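Undergrad: Have a look at this one.
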Amino acid sequence: MRLLIQRVTGASVAIEGAEYSRIGKGFLVLVGVTHEDTEEDLEYLAQKLLKIRLFDDENGVMNLDIQQVEGELLVVSQFTLLASTRKGNRPSYIAAAGEAVARPMYERFVARMEQLTGREVKCGVFGADMQVSLTNDGPVTIWIDSKNR
């Protein structure tokens with residue numbers, strides 16, 4: 001399972017030109033699920049996301065986590081995070097899990113983040129053609145793979 005975390009001052013998802021969800025200060029999190037992912041992978045990434053210190057403290061040092069700044073989460077499924085570009089010029093997505101595996105894992109990840117934060121987590125729509133807009137703050141972008149611990 002992979003996460004791409006972007007610290008944002010704001011982010012939104014639109015579907016067919018209509019806004020679906022929006023957050024202010026927080027994280028836009030893109031989630032990719034593989035065929036081999038387990039609940040252990042999900043829990044590892046949920047805990048990392050909860051505790052990763054990417055927000056500035058009073059001294060301008062990235063020392064605060066999402067809860068300490070009362071930040072919001074926008075979590076969007078993104079199978080292309082699992083692209084392989086090793087051969088040729090057309091990425092292969094064979095490592096990405098199909099909908100039957102990926103959708104429930106994505107939904108459990110969102111539910112787990114809501115449970116851990118005690119706050120609503122905004123989402124995209126699994127499998128939809130979405131337009132994601134964001135203002136990356138910093139810019140700060142971090143990639144975490146549950147297989148690279």
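Quick note on naming: the chains in the structure tokens go A, B, ... in the order shown, residues restart at 1 in each chain, and ligands are numbered from 1 in order of appearance.
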Can you list, as a ChimeraX atom specification, every protein, DNA or RNA residue that comes within 8 Å of Asn63 of chain A when you count only C-alpha atoms, leaving out same-chain residues fewer than 5 positions away?

TA: /A:53-57

Undergrad: Mind the document's chain letters and residue numbers, and return as JSON, numbers by chain the residues of chain A that DSSP labels alpha helix (DSSP H).

TA: {"A": [39, 40, 41, 42, 43, 44, 45, 46, 47, 48, 49, 50, 51, 99, 100, 101, 102, 103, 104, 105, 106, 107, 108, 109, 110, 111, 112, 113, 114, 115, 116, 117]}

Undergrad: Between A:Lys122, A:Arg112, A:Lys147, A:Arg86, which one has atoms that come closest to Ala11 of chain A, using only C-alpha atoms?

TA: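 That would be A:Lys122, the residue with the smallest distance to Ala11 of chain A.
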
Undergrad: With the cut-off set at 12 Å and counting only C-alpha atoms, tabulate each residue of segment 26-90 of chain A with an atom at most that distance from an atom of segment 124-132 of chain A, showing the nearest atom pair and its distance in Å to one decimal, ordered by chain and increasing number, as a tab-separated table.

TA:
residue	atom	partner	partner_atom	distance
A:Leu28	CA	A:Val132	CA	9.4
A:Val29	CA	A:Gly124	CA	10.4
A:Leu30	CA	A:Gly124	CA	9.8
A:Val31	CA	A:Phe126	CA	10.5
A:Gly32	CA	A:Phe126	CA	11.2
A:Val33	CA	A:Phe126	CA	11.9
A:Leu73	CA	A:Gly124	CA	11.2
A:Leu74	CA	A:Gly124	CA	7.7
A:Val75	CA	A:Gly124	CA	6.7
A:Val76	CA	A:Gly124	CA	5.0
A:Ser77	CA	A:Phe126	CA	6.0
A:Gln78	CA	A:Gly127	CA	8.5
A:Phe79	CA	A:Gly127	CA	9.1
A:Thr80	CA	A:Gly127	CA	11.6

Undergrad: Could you please determine the separation between atom CA of Ile144 of chain A and atom CA of Leu4 of chain A in Å, to one decimal place?

TA: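 That distance, rounded to one decimal, is 6.5 Å.
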
Undergrad: Quick one: residues within 10 Å of segment 64-71 of chain A, only C-alpha atoms counted, chain neighbours fewer than 6 positions away excluded, as number ranges by chain?

TA: A: 7-9, 23-27, 49-58, 116-119

Undergrad: Please write the residues from the selection above to a file, keeping N, CA, C and O atoms, as a PDB file, in the first residue's frame.

TA:
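This is the output file selection_0.pdb:
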ATOM      1  N   ARG A   7       1.101  18.230   1.966  1.00  0.00           N
ATOM      2  CA  ARG A   7       0.639  19.233   2.930  1.00  0.00           C
ATOM      3  C   ARG A   7       0.030  20.371   2.126  1.00  0.00           C
ATOM      4  O   ARG A   7       0.662  20.896   1.214  1.00  0.00           O
ATOM      5  N   VAL A   8      -1.209  20.713   2.448  1.00  0.00           N
ATOM      6  CA  VAL A   8      -1.932  21.701   1.650  1.00  0.00           C
ATOM      7  C   VAL A   8      -2.528  22.800   2.523  1.00  0.00           C
ATOM      8  O   VAL A   8      -2.808  22.599   3.698  1.00  0.00           O
ATOM      9  N   THR A   9      -2.729  23.962   1.893  1.00  0.00           N
ATOM     10  CA  THR A   9      -3.526  25.003   2.532  1.00  0.00           C
ATOM     11  C   THR A   9      -4.981  24.845   2.118  1.00  0.00           C
ATOM     12  O   THR A   9      -5.868  25.412   2.742  1.00  0.00           O
ATOM     13  N   ILE A  23     -11.246  20.539   1.465  1.00  0.00           N
ATOM     14  CA  ILE A  23     -10.663  20.751   2.789  1.00  0.00           C
ATOM     15  C   ILE A  23      -9.875  22.051   2.777  1.00  0.00           C
ATOM     16  O   ILE A  23      -9.513  22.561   1.715  1.00  0.00           O
ATOM     17  N   GLY A  24      -9.587  22.539   3.983  1.00  0.00           N
ATOM     18  CA  GLY A  24      -8.667  23.648   4.157  1.00  0.00           C
ATOM     19  C   GLY A  24      -7.304  23.082   4.503  1.00  0.00           C
ATOM     20  O   GLY A  24      -6.858  22.094   3.915  1.00  0.00           O
ATOM     21  N   LYS A  25      -6.666  23.657   5.481  1.00  0.00           N
ATOM     22  CA  LYS A  25      -5.330  23.229   5.908  1.00  0.00           C
ATOM     23  C   LYS A  25      -5.345  21.758   6.312  1.00  0.00           C
ATOM     24  O   LYS A  25      -6.202  21.324   7.082  1.00  0.00           O
ATOM     25  N   GLY A  26      -4.398  21.008   5.778  1.00  0.00           N
ATOM     26  CA  GLY A  26      -4.311  19.599   6.130  1.00  0.00           C
ATOM     27  C   GLY A  26      -3.489  18.816   5.145  1.00  0.00           C
ATOM     28  O   GLY A  26      -2.496  19.321   4.607  1.00  0.00           O
ATOM     29  N   PHE A  27      -3.910  17.565   4.903  1.00  0.00           N
ATOM     30  CA  PHE A  27      -3.226  16.676   3.971  1.00  0.00           C
ATOM     31  C   PHE A  27      -4.170  16.230   2.872  1.00  0.00           C
ATOM     32  O   PHE A  27      -5.291  15.788   3.149  1.00  0.00           O
ATOM     33  N   LEU A  49       0.505   8.147   9.018  1.00  0.00           N
ATOM     34  CA  LEU A  49      -0.187   9.361   8.598  1.00  0.00           C
ATOM     35  C   LEU A  49      -0.633  10.181   9.803  1.00  0.00           C
ATOM     36  O   LEU A  49      -0.513  11.408   9.819  1.00  0.00           O
ATOM     37  N   LEU A  50      -1.119   9.522  10.814  1.00  0.00           N
ATOM     38  CA  LEU A  50      -1.577  10.194  12.027  1.00  0.00           C
ATOM     39  C   LEU A  50      -0.435  10.915  12.749  1.00  0.00           C
ATOM     40  O   LEU A  50      -0.625  12.007  13.270  1.00  0.00           O
ATOM     41  N   LYS A  51       0.737  10.314  12.738  1.00  0.00           N
ATOM     42  CA  LYS A  51       1.837  10.804  13.568  1.00  0.00           C
ATOM     43  C   LYS A  51       2.931  11.558  12.821  1.00  0.00           C
ATOM     44  O   LYS A  51       3.806  12.140  13.462  1.00  0.00           O
ATOM     45  N   ILE A  52       2.898  11.543  11.490  1.00  0.00           N
ATOM     46  CA  ILE A  52       3.977  12.191  10.748  1.00  0.00           C
ATOM     47  C   ILE A  52       3.952  13.700  11.005  1.00  0.00           C
ATOM     48  O   ILE A  52       2.898  14.331  10.975  1.00  0.00           O
ATOM     49  N   ARG A  53       5.105  14.240  11.305  1.00  0.00           N
ATOM     50  CA  ARG A  53       5.211  15.647  11.704  1.00  0.00           C
ATOM     51  C   ARG A  53       5.652  16.485  10.508  1.00  0.00           C
ATOM     52  O   ARG A  53       6.840  16.610  10.237  1.00  0.00           O
ATOM     53  N   LEU A  54       4.679  17.067   9.833  1.00  0.00           N
ATOM     54  CA  LEU A  54       4.951  17.845   8.622  1.00  0.00           C
ATOM     55  C   LEU A  54       4.486  19.292   8.719  1.00  0.00           C
ATOM     56  O   LEU A  54       4.593  20.030   7.739  1.00  0.00           O
ATOM     57  N   PHE A  55       3.973  19.685   9.873  1.00  0.00           N
ATOM     58  CA  PHE A  55       3.511  21.064  10.049  1.00  0.00           C
ATOM     59  C   PHE A  55       4.489  21.819  10.933  1.00  0.00           C
ATOM     60  O   PHE A  55       5.043  21.272  11.896  1.00  0.00           O
ATOM     61  N   ASP A  56       4.673  23.094  10.620  1.00  0.00           N
ATOM     62  CA  ASP A  56       5.632  23.923  11.343  1.00  0.00           C
ATOM     63  C   ASP A  56       5.158  24.254  12.753  1.00  0.00           C
ATOM     64  O   ASP A  56       3.983  24.553  12.975  1.00  0.00           O
ATOM     65  N   ASP A  57       6.117  24.227  13.681  1.00  0.00           N
ATOM     66  CA  ASP A  57       5.855  24.704  15.033  1.00  0.00           C
ATOM     67  C   ASP A  57       6.143  26.205  15.085  1.00  0.00           C
ATOM     68  O   ASP A  57       6.362  26.839  14.044  1.00  0.00           O
ATOM     69  N   GLU A  58       6.149  26.768  16.275  1.00  0.00           N
ATOM     70  CA  GLU A  58       6.342  28.215  16.426  1.00  0.00           C
ATOM     71  C   GLU A  58       7.728  28.677  15.983  1.00  0.00           C
ATOM     72  O   GLU A  58       7.938  29.871  15.742  1.00  0.00           O
ATOM     73  N   LEU A 116      -9.282   7.114  14.150  1.00  0.00           N
ATOM     74  CA  LEU A 116      -8.086   7.599  14.838  1.00  0.00           C
ATOM     75  C   LEU A 116      -8.135   9.093  15.130  1.00  0.00           C
ATOM     76  O   LEU A 116      -7.660   9.535  16.176  1.00  0.00           O
ATOM     77  N   THR A 117      -8.688   9.872  14.218  1.00  0.00           N
ATOM     78  CA  THR A 117      -8.710  11.328  14.395  1.00  0.00           C
ATOM     79  C   THR A 117      -9.957  11.817  15.111  1.00  0.00           C
ATOM     80  O   THR A 117      -9.966  12.925  15.644  1.00  0.00           O
ATOM     81  N   GLY A 118     -11.032  11.028  15.074  1.00  0.00           N
ATOM     82  CA  GLY A 118     -12.293  11.471  15.643  1.00  0.00           C
ATOM     83  C   GLY A 118     -12.945  12.559  14.800  1.00  0.00           C
ATOM     84  O   GLY A 118     -13.815  13.282  15.282  1.00  0.00           O
ATOM     85  N   ARG A 119     -12.521  12.660  13.544  1.00  0.00           N
ATOM     86  CA  ARG A 119     -13.032  13.699  12.649  1.00  0.00           C
ATOM     87  C   ARG A 119     -13.434  13.084  11.315  1.00  0.00           C
ATOM     88  O   ARG A 119     -12.931  12.033  10.925  1.00  0.00           O
TER      89      ARG A 119
END

Undergrad: For a quick check of understanding, using only C-alpha atoms, which of A:Ile5, A:Leu81, A:Val13, A:Leu134 has the smallest distance to Ala46 of chain A?

TA: A:Ile5

Undergrad: Using Å and a single decimal, report how far atom CA of Arg22 of chain A sits from atom CA of Glu120 of chain A.

TA: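 According to the coordinates, atom CA of Glu120 of chain A and atom CA of Arg22 of chain A are separated by 11.7 Å.
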
Undergrad: Which of these, A:Met113, A:Cys123, A:Leu82, A:Met1, has the shortest distance to Ala14 of chain A once you count only C-alpha atoms?

TA: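 Result for the nearest residue to Ala14 of chain A: A:Cys123.
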
Undergrad: Interatomic distance between atom CA of Met105 of chain A and atom CA of Asp41 of chain A?

TA: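 We find that atom CA of Met105 of chain A and atom CA of Asp41 of chain A lie 10.0 Å from each other.
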
Undergrad: Under the rule that only C-alpha atoms are counted, which of A:Gly10, A:Gly17, A:Gly60, A:Pro104 is the nearest residue to Glu72 of chain A?

TA: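 Nearest to Glu72 of chain A: A:Gly10.
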
Undergrad: My list of candidates is A:Trp143, A:Ala111, A:Ala97, A:Asn59. Which is closest to Thr38 of chain A when distances are computed with only C-alpha atoms?

TA: A:Ala97

Undergrad: Check the DSSP output for the backbone and give back, as an MDAnalysis selection string, the residues of chain A in strand (DSSP E or B).

TA: chainID A and resid 2:15 18:23 26:32 34 55:56 62:64 72:77 84 92 96 122:123 130:145

Undergrad: Using C-alpha atoms, can you write the selected residues to a file as a CSV table (one decimal), in the first residue's frame?

TA:
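Now in part-v6.csv:
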chain,number,residue,atom,x,y,z
A,2,ARG,CA,1.3,3.4,-0.9
A,3,LEU,CA,0.5,6.9,0.3
A,4,LEU,CA,1.5,10.2,-1.3
A,5,ILE,CA,1.0,12.9,1.3
A,6,GLN,CA,0.8,16.5,0.3
A,7,ARG,CA,0.6,19.2,2.9
A,8,VAL,CA,-1.9,21.7,1.7
A,9,THR,CA,-3.5,25.0,2.5
A,10,GLY,CA,-6.5,23.7,0.6
A,11,ALA,CA,-7.6,20.9,-1.7
A,12,SER,CA,-10.7,19.8,-3.5
A,13,VAL,CA,-12.2,17.0,-5.7
A,14,ALA,CA,-14.6,17.7,-8.5
A,15,ILE,CA,-16.5,15.1,-10.5
A,18,ALA,CA,-19.2,19.7,-9.7
A,19,GLU,CA,-17.3,20.0,-6.5
A,20,TYR,CA,-17.6,16.8,-4.5
A,21,SER,CA,-15.4,17.5,-1.5
A,22,ARG,CA,-13.1,20.2,-0.1
A,23,ILE,CA,-10.7,20.8,2.8
A,26,GLY,CA,-4.3,19.6,6.1
A,27,PHE,CA,-3.2,16.7,4.0
A,28,LEU,CA,-4.3,15.6,0.5
A,29,VAL,CA,-3.5,11.9,0.6
A,30,LEU,CA,-3.4,9.7,-2.5
A,31,VAL,CA,-3.8,6.0,-1.8
A,32,GLY,CA,-2.7,3.1,-3.9
A,34,THR,CA,-1.6,-3.6,-4.2
A,55,PHE,CA,3.5,21.1,10.0
A,56,ASP,CA,5.6,23.9,11.3
A,62,MET,CA,8.2,20.7,10.9
A,63,ASN,CA,7.5,19.3,14.3
A,64,LEU,CA,3.7,19.1,14.5
A,72,GLU,CA,-8.2,18.1,7.7
A,73,LEU,CA,-7.8,15.0,5.5
A,74,LEU,CA,-8.8,14.5,1.9
A,75,VAL,CA,-8.1,10.9,0.9
A,76,VAL,CA,-8.3,9.9,-2.8
A,77,SER,CA,-7.8,6.5,-4.4
A,84,SER,CA,6.0,0.6,-13.0
A,92,SER,CA,2.3,-0.8,-16.3
A,96,ALA,CA,-2.3,-2.3,-8.6
A,122,LYS,CA,-13.2,13.9,3.1
A,123,CYS,CA,-12.9,11.6,0.1
A,130,MET,CA,-11.9,13.1,-10.7
A,131,GLN,CA,-10.3,16.5,-11.0
A,132,VAL,CA,-8.1,17.1,-7.9
A,133,SER,CA,-7.0,20.7,-7.1
A,134,LEU,CA,-4.6,21.6,-4.4
A,135,THR,CA,-2.4,24.3,-3.0
A,136,ASN,CA,0.7,22.5,-1.9
A,137,ASP,CA,2.1,24.2,1.2
A,138,GLY,CA,5.8,24.4,1.2
A,139,PRO,CA,5.8,22.4,-1.1
A,140,VAL,CA,5.8,19.4,1.2
A,141,THR,CA,5.2,16.0,-0.5
A,142,ILE,CA,6.0,12.7,1.2
A,143,TRP,CA,5.7,9.2,-0.2
A,144,ILE,CA,5.3,6.2,2.1
A,145,ASP,CA,5.2,2.6,1.1
